[in-house]
$ cat structure_35.txt   # compact mmCIF, N, CA and C atoms
# COMPACT_ATOMS: atom_id res chain seq x y z
N MET A 1 116.54 92.23 103.20
CA MET A 1 115.54 93.23 103.52
C MET A 1 114.16 92.67 103.18
N ASP A 2 113.23 92.86 104.11
CA ASP A 2 111.84 92.51 103.82
C ASP A 2 111.34 93.44 102.74
N PRO A 3 110.55 92.94 101.81
CA PRO A 3 110.06 93.81 100.74
C PRO A 3 109.12 94.88 101.28
N ILE A 4 109.26 96.07 100.74
CA ILE A 4 108.36 97.16 101.08
C ILE A 4 107.25 97.12 100.05
N THR A 5 106.08 96.70 100.49
CA THR A 5 104.97 96.51 99.56
C THR A 5 104.19 97.79 99.38
N ALA A 6 103.44 97.82 98.30
CA ALA A 6 102.55 98.96 98.04
C ALA A 6 101.53 99.09 99.15
N ALA A 7 101.02 97.97 99.64
CA ALA A 7 100.03 98.01 100.72
C ALA A 7 100.63 98.61 101.99
N ALA A 8 101.88 98.26 102.29
CA ALA A 8 102.53 98.81 103.48
C ALA A 8 102.74 100.31 103.33
N LEU A 9 103.13 100.75 102.14
CA LEU A 9 103.33 102.19 101.91
C LEU A 9 102.01 102.95 101.99
N ALA A 10 100.96 102.37 101.45
CA ALA A 10 99.64 103.02 101.53
C ALA A 10 99.18 103.12 102.97
N ALA A 11 99.38 102.06 103.75
CA ALA A 11 99.01 102.09 105.16
C ALA A 11 99.82 103.13 105.91
N LEU A 12 101.10 103.21 105.60
CA LEU A 12 101.95 104.20 106.24
C LEU A 12 101.50 105.61 105.89
N ALA A 13 101.22 105.84 104.63
CA ALA A 13 100.75 107.17 104.20
C ALA A 13 99.43 107.51 104.88
N GLY A 14 98.59 106.51 105.08
CA GLY A 14 97.31 106.73 105.74
C GLY A 14 97.41 106.90 107.23
N SER A 15 98.57 106.56 107.82
CA SER A 15 98.75 106.66 109.27
C SER A 15 99.41 107.96 109.69
N MET A 16 99.45 108.93 108.80
CA MET A 16 100.13 110.18 109.15
C MET A 16 99.40 110.96 110.23
N GLY A 17 98.22 110.50 110.65
CA GLY A 17 97.51 111.14 111.75
C GLY A 17 98.08 110.74 113.10
N THR A 18 98.95 109.74 113.12
CA THR A 18 99.58 109.32 114.37
C THR A 18 101.02 109.83 114.42
N GLU A 19 101.54 109.93 115.60
CA GLU A 19 102.92 110.41 115.74
C GLU A 19 103.91 109.45 115.09
N ALA A 20 103.70 108.15 115.31
CA ALA A 20 104.60 107.16 114.71
C ALA A 20 104.52 107.23 113.19
N GLY A 21 103.32 107.40 112.65
CA GLY A 21 103.15 107.51 111.21
C GLY A 21 103.84 108.74 110.64
N ARG A 22 103.68 109.87 111.33
CA ARG A 22 104.35 111.10 110.87
C ARG A 22 105.86 110.96 110.88
N GLN A 23 106.40 110.34 111.93
CA GLN A 23 107.84 110.17 112.02
C GLN A 23 108.37 109.24 110.93
N ALA A 24 107.66 108.14 110.71
CA ALA A 24 108.09 107.20 109.67
C ALA A 24 108.01 107.86 108.30
N TRP A 25 106.94 108.60 108.04
CA TRP A 25 106.76 109.26 106.75
C TRP A 25 107.83 110.33 106.54
N ALA A 26 108.15 111.08 107.60
CA ALA A 26 109.20 112.10 107.50
C ALA A 26 110.56 111.45 107.23
N GLY A 27 110.80 110.30 107.82
CA GLY A 27 112.05 109.58 107.56
C GLY A 27 112.17 109.14 106.11
N LEU A 28 111.06 108.67 105.55
CA LEU A 28 111.09 108.27 104.14
C LEU A 28 111.24 109.49 103.24
N ALA A 29 110.61 110.59 103.61
CA ALA A 29 110.74 111.83 102.82
C ALA A 29 112.20 112.26 102.76
N ALA A 30 112.86 112.26 103.90
CA ALA A 30 114.27 112.65 103.94
C ALA A 30 115.13 111.70 103.11
N LEU A 31 114.78 110.44 103.13
CA LEU A 31 115.55 109.44 102.39
C LEU A 31 115.43 109.63 100.88
N VAL A 32 114.22 109.82 100.37
CA VAL A 32 114.06 109.94 98.92
C VAL A 32 114.60 111.27 98.41
N LYS A 33 114.74 112.26 99.28
CA LYS A 33 115.28 113.56 98.85
C LYS A 33 116.80 113.58 98.80
N ARG A 34 117.43 112.55 99.33
CA ARG A 34 118.90 112.47 99.27
C ARG A 34 119.34 112.35 97.81
N PRO A 35 120.53 112.83 97.50
CA PRO A 35 121.03 112.70 96.12
C PRO A 35 121.07 111.24 95.67
N PHE A 36 120.70 111.03 94.44
CA PHE A 36 120.66 109.69 93.85
C PHE A 36 122.06 109.35 93.35
N ARG A 37 122.69 108.37 93.98
CA ARG A 37 124.04 107.94 93.57
C ARG A 37 123.95 106.56 92.97
N ARG A 38 124.08 106.51 91.67
CA ARG A 38 124.04 105.21 91.01
C ARG A 38 125.36 104.50 91.21
N GLY A 39 125.39 103.24 90.82
CA GLY A 39 126.61 102.43 90.93
C GLY A 39 127.78 103.07 90.22
N THR A 40 128.89 102.42 90.22
CA THR A 40 130.12 102.99 89.69
C THR A 40 130.33 102.62 88.23
N ALA A 41 129.35 102.90 87.41
CA ALA A 41 129.49 102.64 85.97
C ALA A 41 130.47 103.63 85.37
N PRO A 42 131.28 103.19 84.40
CA PRO A 42 132.21 104.11 83.76
C PRO A 42 131.44 105.24 83.06
N ASP A 43 132.07 106.40 82.97
CA ASP A 43 131.43 107.57 82.37
C ASP A 43 130.97 107.31 80.94
N SER A 44 131.69 106.48 80.22
CA SER A 44 131.34 106.25 78.82
C SER A 44 130.01 105.51 78.68
N THR A 45 129.59 104.77 79.70
CA THR A 45 128.34 104.04 79.59
C THR A 45 127.17 104.76 80.27
N ARG A 46 127.43 105.85 80.95
CA ARG A 46 126.36 106.55 81.67
C ARG A 46 125.29 107.06 80.72
N ASP A 47 125.66 107.42 79.49
CA ASP A 47 124.65 107.91 78.55
C ASP A 47 123.66 106.81 78.19
N ALA A 48 124.08 105.56 78.27
CA ALA A 48 123.21 104.45 77.92
C ALA A 48 122.31 104.03 79.08
N VAL A 49 122.57 104.54 80.30
CA VAL A 49 121.77 104.18 81.46
C VAL A 49 120.42 104.89 81.38
N PRO A 50 119.33 104.14 81.44
CA PRO A 50 118.02 104.79 81.36
C PRO A 50 117.76 105.67 82.58
N GLN A 51 116.92 106.67 82.39
CA GLN A 51 116.56 107.55 83.49
C GLN A 51 115.70 106.77 84.49
N VAL A 52 116.05 106.89 85.75
CA VAL A 52 115.35 106.18 86.81
C VAL A 52 114.91 107.20 87.85
N SER A 53 113.71 107.05 88.34
CA SER A 53 113.16 107.99 89.32
C SER A 53 113.87 107.87 90.66
N SER A 54 114.04 108.99 91.33
CA SER A 54 114.58 108.99 92.69
C SER A 54 113.52 108.58 93.69
N GLY A 55 112.26 108.63 93.30
CA GLY A 55 111.15 108.30 94.18
C GLY A 55 110.43 109.53 94.72
N GLU A 56 111.00 110.72 94.49
CA GLU A 56 110.40 111.94 95.02
C GLU A 56 109.01 112.22 94.45
N LEU A 57 108.86 112.08 93.13
CA LEU A 57 107.55 112.34 92.52
C LEU A 57 106.51 111.34 92.99
N GLU A 58 106.90 110.07 93.09
CA GLU A 58 105.98 109.03 93.54
C GLU A 58 105.61 109.23 95.01
N PHE A 59 106.59 109.65 95.79
CA PHE A 59 106.34 109.94 97.21
C PHE A 59 105.31 111.06 97.35
N ALA A 60 105.51 112.15 96.62
CA ALA A 60 104.59 113.28 96.68
C ALA A 60 103.19 112.88 96.20
N ALA A 61 103.13 112.06 95.17
CA ALA A 61 101.83 111.63 94.64
C ALA A 61 101.07 110.80 95.68
N LEU A 62 101.77 109.90 96.36
CA LEU A 62 101.11 109.08 97.38
C LEU A 62 100.73 109.93 98.58
N GLN A 63 101.54 110.90 98.90
CA GLN A 63 101.21 111.79 100.00
C GLN A 63 99.93 112.58 99.69
N ASP A 64 99.74 112.94 98.43
CA ASP A 64 98.54 113.68 98.02
C ASP A 64 97.29 112.80 98.08
N ASP A 65 97.43 111.50 97.79
CA ASP A 65 96.28 110.60 97.81
C ASP A 65 96.73 109.22 98.28
N SER A 66 96.67 109.00 99.59
CA SER A 66 97.15 107.73 100.16
C SER A 66 96.20 106.57 99.89
N THR A 67 95.03 106.83 99.31
CA THR A 67 94.07 105.76 99.04
C THR A 67 94.23 105.17 97.64
N ASP A 68 95.10 105.74 96.84
CA ASP A 68 95.27 105.27 95.46
C ASP A 68 96.32 104.16 95.42
N PRO A 69 95.90 102.91 95.17
CA PRO A 69 96.85 101.80 95.16
C PRO A 69 97.90 101.92 94.05
N ASN A 70 97.56 102.58 92.95
CA ASN A 70 98.53 102.74 91.87
C ASN A 70 99.68 103.66 92.29
N ARG A 71 99.37 104.68 93.07
CA ARG A 71 100.42 105.58 93.57
C ARG A 71 101.32 104.84 94.56
N ALA A 72 100.72 104.02 95.40
CA ALA A 72 101.52 103.24 96.35
C ALA A 72 102.43 102.27 95.62
N GLN A 73 101.90 101.63 94.57
CA GLN A 73 102.71 100.69 93.79
C GLN A 73 103.84 101.42 93.06
N ALA A 74 103.56 102.60 92.55
CA ALA A 74 104.60 103.37 91.85
C ALA A 74 105.73 103.72 92.80
N LEU A 75 105.40 104.10 94.03
CA LEU A 75 106.45 104.43 95.01
C LEU A 75 107.23 103.18 95.39
N ALA A 76 106.54 102.07 95.62
CA ALA A 76 107.23 100.83 95.97
C ALA A 76 108.21 100.44 94.87
N THR A 77 107.77 100.54 93.63
CA THR A 77 108.64 100.19 92.49
C THR A 77 109.84 101.13 92.41
N ALA A 78 109.59 102.43 92.55
CA ALA A 78 110.70 103.41 92.50
C ALA A 78 111.72 103.15 93.60
N LEU A 79 111.25 102.83 94.80
CA LEU A 79 112.17 102.55 95.91
C LEU A 79 113.01 101.31 95.64
N HIS A 80 112.37 100.26 95.11
CA HIS A 80 113.10 99.02 94.84
C HIS A 80 114.13 99.20 93.72
N VAL A 81 113.76 99.93 92.68
CA VAL A 81 114.70 100.16 91.58
C VAL A 81 115.87 101.01 92.06
N ARG A 82 115.58 102.06 92.80
CA ARG A 82 116.65 102.91 93.30
C ARG A 82 117.57 102.14 94.24
N ALA A 83 116.98 101.30 95.09
CA ALA A 83 117.79 100.49 96.00
C ALA A 83 118.71 99.53 95.24
N ALA A 84 118.24 99.03 94.10
CA ALA A 84 119.06 98.13 93.30
C ALA A 84 120.24 98.85 92.65
N LEU A 85 120.08 100.15 92.39
CA LEU A 85 121.12 100.92 91.70
C LEU A 85 122.02 101.73 92.62
N ASP A 86 121.59 101.94 93.86
CA ASP A 86 122.31 102.82 94.79
C ASP A 86 122.49 102.08 96.11
N GLU A 87 123.67 101.55 96.33
CA GLU A 87 123.96 100.73 97.52
C GLU A 87 123.73 101.50 98.82
N GLU A 88 124.17 102.74 98.88
CA GLU A 88 123.98 103.54 100.10
C GLU A 88 122.48 103.73 100.38
N PHE A 89 121.72 104.01 99.34
CA PHE A 89 120.28 104.16 99.49
C PHE A 89 119.66 102.86 99.99
N ARG A 90 120.09 101.72 99.44
CA ARG A 90 119.55 100.43 99.84
C ARG A 90 119.77 100.20 101.33
N VAL A 91 120.97 100.50 101.82
CA VAL A 91 121.28 100.32 103.24
C VAL A 91 120.41 101.22 104.10
N ARG A 92 120.30 102.49 103.70
CA ARG A 92 119.48 103.43 104.47
C ARG A 92 117.99 103.09 104.40
N LEU A 93 117.54 102.62 103.25
CA LEU A 93 116.14 102.22 103.11
C LEU A 93 115.85 101.02 104.00
N ASP A 94 116.77 100.08 104.05
CA ASP A 94 116.61 98.91 104.91
C ASP A 94 116.53 99.33 106.38
N GLU A 95 117.39 100.24 106.80
CA GLU A 95 117.37 100.74 108.18
C GLU A 95 116.04 101.44 108.47
N TRP A 96 115.61 102.28 107.54
CA TRP A 96 114.34 103.00 107.72
C TRP A 96 113.18 102.00 107.85
N TRP A 97 113.15 100.99 106.99
CA TRP A 97 112.06 100.04 106.97
C TRP A 97 111.99 99.24 108.27
N ARG A 98 113.15 98.84 108.79
CA ARG A 98 113.17 98.13 110.08
C ARG A 98 112.59 99.01 111.18
N LYS A 99 112.98 100.27 111.23
CA LYS A 99 112.47 101.18 112.25
C LYS A 99 110.98 101.44 112.06
N ALA A 100 110.54 101.60 110.82
CA ALA A 100 109.13 101.87 110.54
C ALA A 100 108.27 100.69 110.97
N GLN A 101 108.74 99.49 110.78
CA GLN A 101 107.98 98.31 111.18
C GLN A 101 107.86 98.23 112.69
N VAL A 102 108.91 98.59 113.40
CA VAL A 102 108.87 98.55 114.86
C VAL A 102 107.96 99.64 115.40
N SER A 103 108.09 100.86 114.88
CA SER A 103 107.31 101.98 115.41
C SER A 103 105.86 101.93 114.98
N GLY A 104 105.56 101.22 113.93
CA GLY A 104 104.18 101.16 113.46
C GLY A 104 103.50 99.84 113.78
N GLY A 105 104.04 99.11 114.77
CA GLY A 105 103.51 97.79 115.07
C GLY A 105 102.08 97.80 115.58
N GLU A 106 101.51 96.63 115.59
CA GLU A 106 100.13 96.48 116.04
C GLU A 106 100.06 96.51 117.56
N VAL A 107 98.88 96.79 118.07
CA VAL A 107 98.63 96.80 119.50
C VAL A 107 97.64 95.70 119.81
N HIS A 108 97.95 94.88 120.80
CA HIS A 108 97.05 93.84 121.26
C HIS A 108 96.89 94.04 122.76
N ASN A 109 95.68 94.40 123.18
CA ASN A 109 95.40 94.63 124.59
C ASN A 109 94.62 93.45 125.15
N SER A 110 94.87 93.14 126.41
CA SER A 110 94.17 92.06 127.07
C SER A 110 93.97 92.43 128.53
N ILE A 111 92.79 92.17 129.03
CA ILE A 111 92.50 92.38 130.44
C ILE A 111 92.11 91.03 130.99
N SER A 112 92.75 90.63 132.08
CA SER A 112 92.44 89.34 132.67
C SER A 112 92.52 89.45 134.18
N GLY A 113 92.14 88.39 134.86
CA GLY A 113 92.28 88.35 136.31
C GLY A 113 91.03 88.72 137.07
N GLY A 114 89.89 88.70 136.43
CA GLY A 114 88.65 88.96 137.16
C GLY A 114 88.22 90.40 137.12
N VAL A 115 87.55 90.82 138.17
CA VAL A 115 86.98 92.16 138.26
C VAL A 115 88.09 93.19 138.42
N GLN A 116 87.97 94.26 137.67
CA GLN A 116 88.96 95.34 137.75
C GLN A 116 88.37 96.46 138.61
N ASN A 117 89.07 96.88 139.62
CA ASN A 117 88.63 97.98 140.48
C ASN A 117 89.46 99.21 140.16
N GLY A 118 89.16 99.83 139.08
CA GLY A 118 89.89 101.03 138.71
C GLY A 118 89.81 101.22 137.22
N PRO A 119 90.36 102.31 136.76
CA PRO A 119 90.32 102.59 135.32
C PRO A 119 91.24 101.65 134.56
N VAL A 120 90.82 101.34 133.37
CA VAL A 120 91.63 100.53 132.47
C VAL A 120 91.81 101.35 131.20
N VAL A 121 93.05 101.56 130.80
CA VAL A 121 93.34 102.31 129.59
C VAL A 121 93.99 101.35 128.62
N GLN A 122 93.41 101.25 127.44
CA GLN A 122 93.98 100.40 126.42
C GLN A 122 94.50 101.28 125.28
N GLY A 123 95.64 100.93 124.78
CA GLY A 123 96.22 101.70 123.70
C GLY A 123 97.70 101.40 123.60
N ARG A 124 98.45 102.40 123.20
CA ARG A 124 99.87 102.22 122.99
C ARG A 124 100.60 103.52 123.21
N ASP A 125 101.82 103.43 123.70
CA ASP A 125 102.73 104.56 123.83
C ASP A 125 102.17 105.68 124.71
N PHE A 126 101.65 105.31 125.87
CA PHE A 126 101.17 106.31 126.82
C PHE A 126 102.34 106.82 127.65
N SER A 127 102.23 108.06 128.07
CA SER A 127 103.21 108.59 129.02
C SER A 127 102.53 109.68 129.84
N HIS A 128 103.05 109.90 131.02
CA HIS A 128 102.59 110.98 131.91
C HIS A 128 101.11 110.87 132.26
N LEU A 129 100.61 109.65 132.50
CA LEU A 129 99.23 109.48 132.92
C LEU A 129 99.17 109.49 134.44
N THR A 130 98.16 110.13 134.96
CA THR A 130 97.93 110.15 136.40
C THR A 130 96.47 109.82 136.66
N PHE A 131 96.23 108.92 137.60
CA PHE A 131 94.87 108.57 137.99
C PHE A 131 94.70 108.93 139.46
N THR A 132 93.67 109.66 139.75
CA THR A 132 93.33 109.95 141.13
C THR A 132 92.07 109.16 141.43
N MET A 133 92.20 108.23 142.36
CA MET A 133 91.07 107.36 142.65
C MET A 133 90.60 107.59 144.07
N THR A 134 89.31 107.64 144.21
CA THR A 134 88.72 107.70 145.54
C THR A 134 87.75 106.54 145.66
N ARG A 135 87.63 106.03 146.82
CA ARG A 135 86.70 104.93 147.05
C ARG A 135 85.59 105.46 147.94
N ASP A 136 84.37 105.41 147.43
CA ASP A 136 83.26 105.85 148.28
C ASP A 136 82.61 104.63 148.91
N ALA A 137 81.85 104.86 149.95
CA ALA A 137 81.25 103.76 150.72
C ALA A 137 80.32 102.91 149.87
N GLY A 138 79.64 103.51 148.90
CA GLY A 138 78.70 102.76 148.06
C GLY A 138 79.37 101.73 147.18
N ASN A 139 80.60 101.98 146.77
CA ASN A 139 81.32 101.07 145.87
C ASN A 139 82.26 100.11 146.61
N ALA A 140 82.46 100.31 147.88
CA ALA A 140 83.45 99.52 148.62
C ALA A 140 83.03 98.06 148.77
N HIS A 141 81.73 97.78 148.78
CA HIS A 141 81.29 96.40 149.05
C HIS A 141 80.46 95.85 147.89
N ARG A 142 80.87 96.12 146.68
CA ARG A 142 80.20 95.59 145.50
C ARG A 142 80.36 94.10 145.41
N GLU A 143 79.33 93.40 144.98
CA GLU A 143 79.45 91.95 144.82
C GLU A 143 79.22 91.56 143.40
$ encode --input "structure_35.txt" --output "structure tokens"
Amino acid sequence: MDPITAAALAALAGSMGTEAGRQAWAGLAALVKRPFRRGTAPDSTRDAVPQVSSGELEFAALQDDSTDPNRAQALATALHVRAALDEEFRVRLDEWWRKAQVSGGEVHNSISGGVQNGPVVQGRDFSHLTFTMTRDAGNAHRE
């Protein structure tokens, strides 16, 4: 699994204004709210296991202030510790992270081929666009 860095979590929290950001953030919210299942330690040693965060408090704190790098680091740490102790969580976190990286990818637009005779839309994930173009006599013979 690629490491989930504090910077990546802060960027994700800051991207909640986009649909991809909201979906990725909602996926992480659902993941950290799942029951915390630690490894299969015998009952006699469970009392000696230190308390470990599920990540819910850190998630809520970063959601409240996505610009605070300490909150992002706290969530990254909580996720990594929980993943180390809970195999099912680690698998689901890895799946979530792969999807979040794909859905939150960068956009690189390029226009080439000379003069463009029509609208050019740059961006990402467009659907249901319609262009109605008319050609008037004044623009037909531009040089």
$ closest_residue --input "structure_35.txt" --among "A:Thr77, A:Ser54, A:Thr5, A:Thr67" --to "A:Val32" --atoms "all atoms listed in the file"
A:Ser54
$ residues_near_point --input "structure_35.txt" --point "(102.6, 102.0, 98.1)" --cutoff "6 Å" --atoms "all atoms listed in the file" --output "list in words"
Thr5, Ala6, Ala7, Ala8, Leu9, Ala10, Arg71, Ala72, Gln73, Ala74, Leu75 and Ala76 of chain A
$ residues_around --input "structure_35.txt" --residues "A:Ala30" --least-positions-apart "5" --cutoff "12 Å" --atoms "only C-alpha atoms" --output "ChimeraX atom specification"
/A:23-25,35,54-56,59,89,92-93,96
$ closest_residue --input "structure_35.txt" --among "A:Gly113, A:Gln63, A:Ala100, A:Arg37" --to "A:Glu19" --atoms "only C-alpha atoms"
A:Ala100
$ closest_residue --input "structure_35.txt" --among "A:Leu12, A:Ala20, A:Leu31, A:Ala61" --to "A:Leu79" --atoms "only C-alpha atoms"
A:Leu31
$ atom_distance --input "structure_35.txt" --atom1 "atom N of A:Ser112" --atom2 "atom CA of A:Thr18"
26.6 Å
$ closest_residue --input "structure_35.txt" --among "A:Ile4, A:Ala78, A:Thr134, A:Ala60" --to "A:Ala26" --atoms "only C-alpha atoms"
A:Ala60
$ atom_distance --input "structure_35.txt" --atom1 "atom C of A:Ser15" --atom2 "atom C of A:Ala84"
28.4 Å
$ atom_distance --input "structure_35.txt" --atom1 "atom CA of A:His80" --atom2 "atom CA of A:Gly14"
20.7 Å
$ axis_aligned_box --input "structure_35.txt" --around "stretch 72-83 of chain A" --padding-each-side "3 Å" --output "JSON"
{"center_x": 109.7, "center_y": 101.7, "center_z": 94.0, "size_x": 24.0, "size_y": 11.4, "size_z": 10.8}
$ build_atoms --input "structure_35.txt" --residues "stretch 66-91 of chain A" --atoms "N, CA, C and O atoms" --output "compact mmCIF listing (two decimals), in the frame of the given file"
# COMPACT_ATOMS: atom_id res chain seq x y z
N SER A 66 96.67 109.00 99.59
CA SER A 66 97.15 107.73 100.16
C SER A 66 96.20 106.57 99.89
O SER A 66 96.54 105.43 100.18
N THR A 67 95.03 106.83 99.31
CA THR A 67 94.07 105.76 99.04
C THR A 67 94.23 105.17 97.64
O THR A 67 93.57 104.19 97.32
N ASP A 68 95.10 105.74 96.84
CA ASP A 68 95.27 105.27 95.46
C ASP A 68 96.32 104.16 95.42
O ASP A 68 97.51 104.41 95.60
N PRO A 69 95.90 102.91 95.17
CA PRO A 69 96.85 101.80 95.16
C PRO A 69 97.90 101.92 94.05
O PRO A 69 99.01 101.41 94.18
N ASN A 70 97.56 102.58 92.95
CA ASN A 70 98.53 102.74 91.87
C ASN A 70 99.68 103.66 92.29
O ASN A 70 100.83 103.43 91.91
N ARG A 71 99.37 104.68 93.07
CA ARG A 71 100.42 105.58 93.57
C ARG A 71 101.32 104.84 94.56
O ARG A 71 102.54 105.03 94.55
N ALA A 72 100.72 104.02 95.40
CA ALA A 72 101.52 103.24 96.35
C ALA A 72 102.43 102.27 95.62
O ALA A 72 103.60 102.11 95.97
N GLN A 73 101.90 101.63 94.57
CA GLN A 73 102.71 100.69 93.79
C GLN A 73 103.84 101.42 93.06
O GLN A 73 104.96 100.92 92.98
N ALA A 74 103.56 102.60 92.55
CA ALA A 74 104.60 103.37 91.85
C ALA A 74 105.73 103.72 92.80
O ALA A 74 106.91 103.64 92.44
N LEU A 75 105.40 104.10 94.03
CA LEU A 75 106.45 104.43 95.01
C LEU A 75 107.23 103.18 95.39
O LEU A 75 108.46 103.21 95.45
N ALA A 76 106.54 102.07 95.62
CA ALA A 76 107.23 100.83 95.97
C ALA A 76 108.21 100.44 94.87
O ALA A 76 109.35 100.07 95.14
N THR A 77 107.77 100.54 93.63
CA THR A 77 108.64 100.19 92.49
C THR A 77 109.84 101.13 92.41
O THR A 77 110.98 100.68 92.24
N ALA A 78 109.59 102.43 92.55
CA ALA A 78 110.70 103.41 92.50
C ALA A 78 111.72 103.15 93.60
O ALA A 78 112.93 103.21 93.37
N LEU A 79 111.25 102.83 94.80
CA LEU A 79 112.17 102.55 95.91
C LEU A 79 113.01 101.31 95.64
O LEU A 79 114.21 101.30 95.88
N HIS A 80 112.37 100.26 95.11
CA HIS A 80 113.10 99.02 94.84
C HIS A 80 114.13 99.20 93.72
O HIS A 80 115.25 98.69 93.81
N VAL A 81 113.76 99.93 92.68
CA VAL A 81 114.70 100.16 91.58
C VAL A 81 115.87 101.01 92.06
O VAL A 81 117.04 100.69 91.79
N ARG A 82 115.58 102.06 92.80
CA ARG A 82 116.65 102.91 93.30
C ARG A 82 117.57 102.14 94.24
O ARG A 82 118.78 102.29 94.19
N ALA A 83 116.98 101.30 95.09
CA ALA A 83 117.79 100.49 96.00
C ALA A 83 118.71 99.53 95.24
O ALA A 83 119.83 99.26 95.67
N ALA A 84 118.24 99.03 94.10
CA ALA A 84 119.06 98.13 93.30
C ALA A 84 120.24 98.85 92.65
O ALA A 84 121.28 98.25 92.40
N LEU A 85 120.08 100.15 92.39
CA LEU A 85 121.12 100.92 91.70
C LEU A 85 122.02 101.73 92.62
O LEU A 85 123.08 102.17 92.21
N ASP A 86 121.59 101.94 93.86
CA ASP A 86 122.31 102.82 94.79
C ASP A 86 122.49 102.08 96.11
O ASP A 86 121.55 101.97 96.91
N GLU A 87 123.67 101.55 96.33
CA GLU A 87 123.96 100.73 97.52
C GLU A 87 123.73 101.50 98.82
O GLU A 87 123.14 100.97 99.76
N GLU A 88 124.17 102.74 98.88
CA GLU A 88 123.98 103.54 100.10
C GLU A 88 122.48 103.73 100.38
O GLU A 88 122.03 103.63 101.52
N PHE A 89 121.72 104.01 99.34
CA PHE A 89 120.28 104.16 99.49
C PHE A 89 119.66 102.86 99.99
O PHE A 89 118.80 102.86 100.87
N ARG A 90 120.09 101.72 99.44
CA ARG A 90 119.55 100.43 99.84
C ARG A 90 119.77 100.20 101.33
O ARG A 90 118.86 99.78 102.05
N VAL A 91 120.97 100.50 101.82
CA VAL A 91 121.28 100.32 103.24
C VAL A 91 120.41 101.22 104.10
O VAL A 91 119.82 100.79 105.09
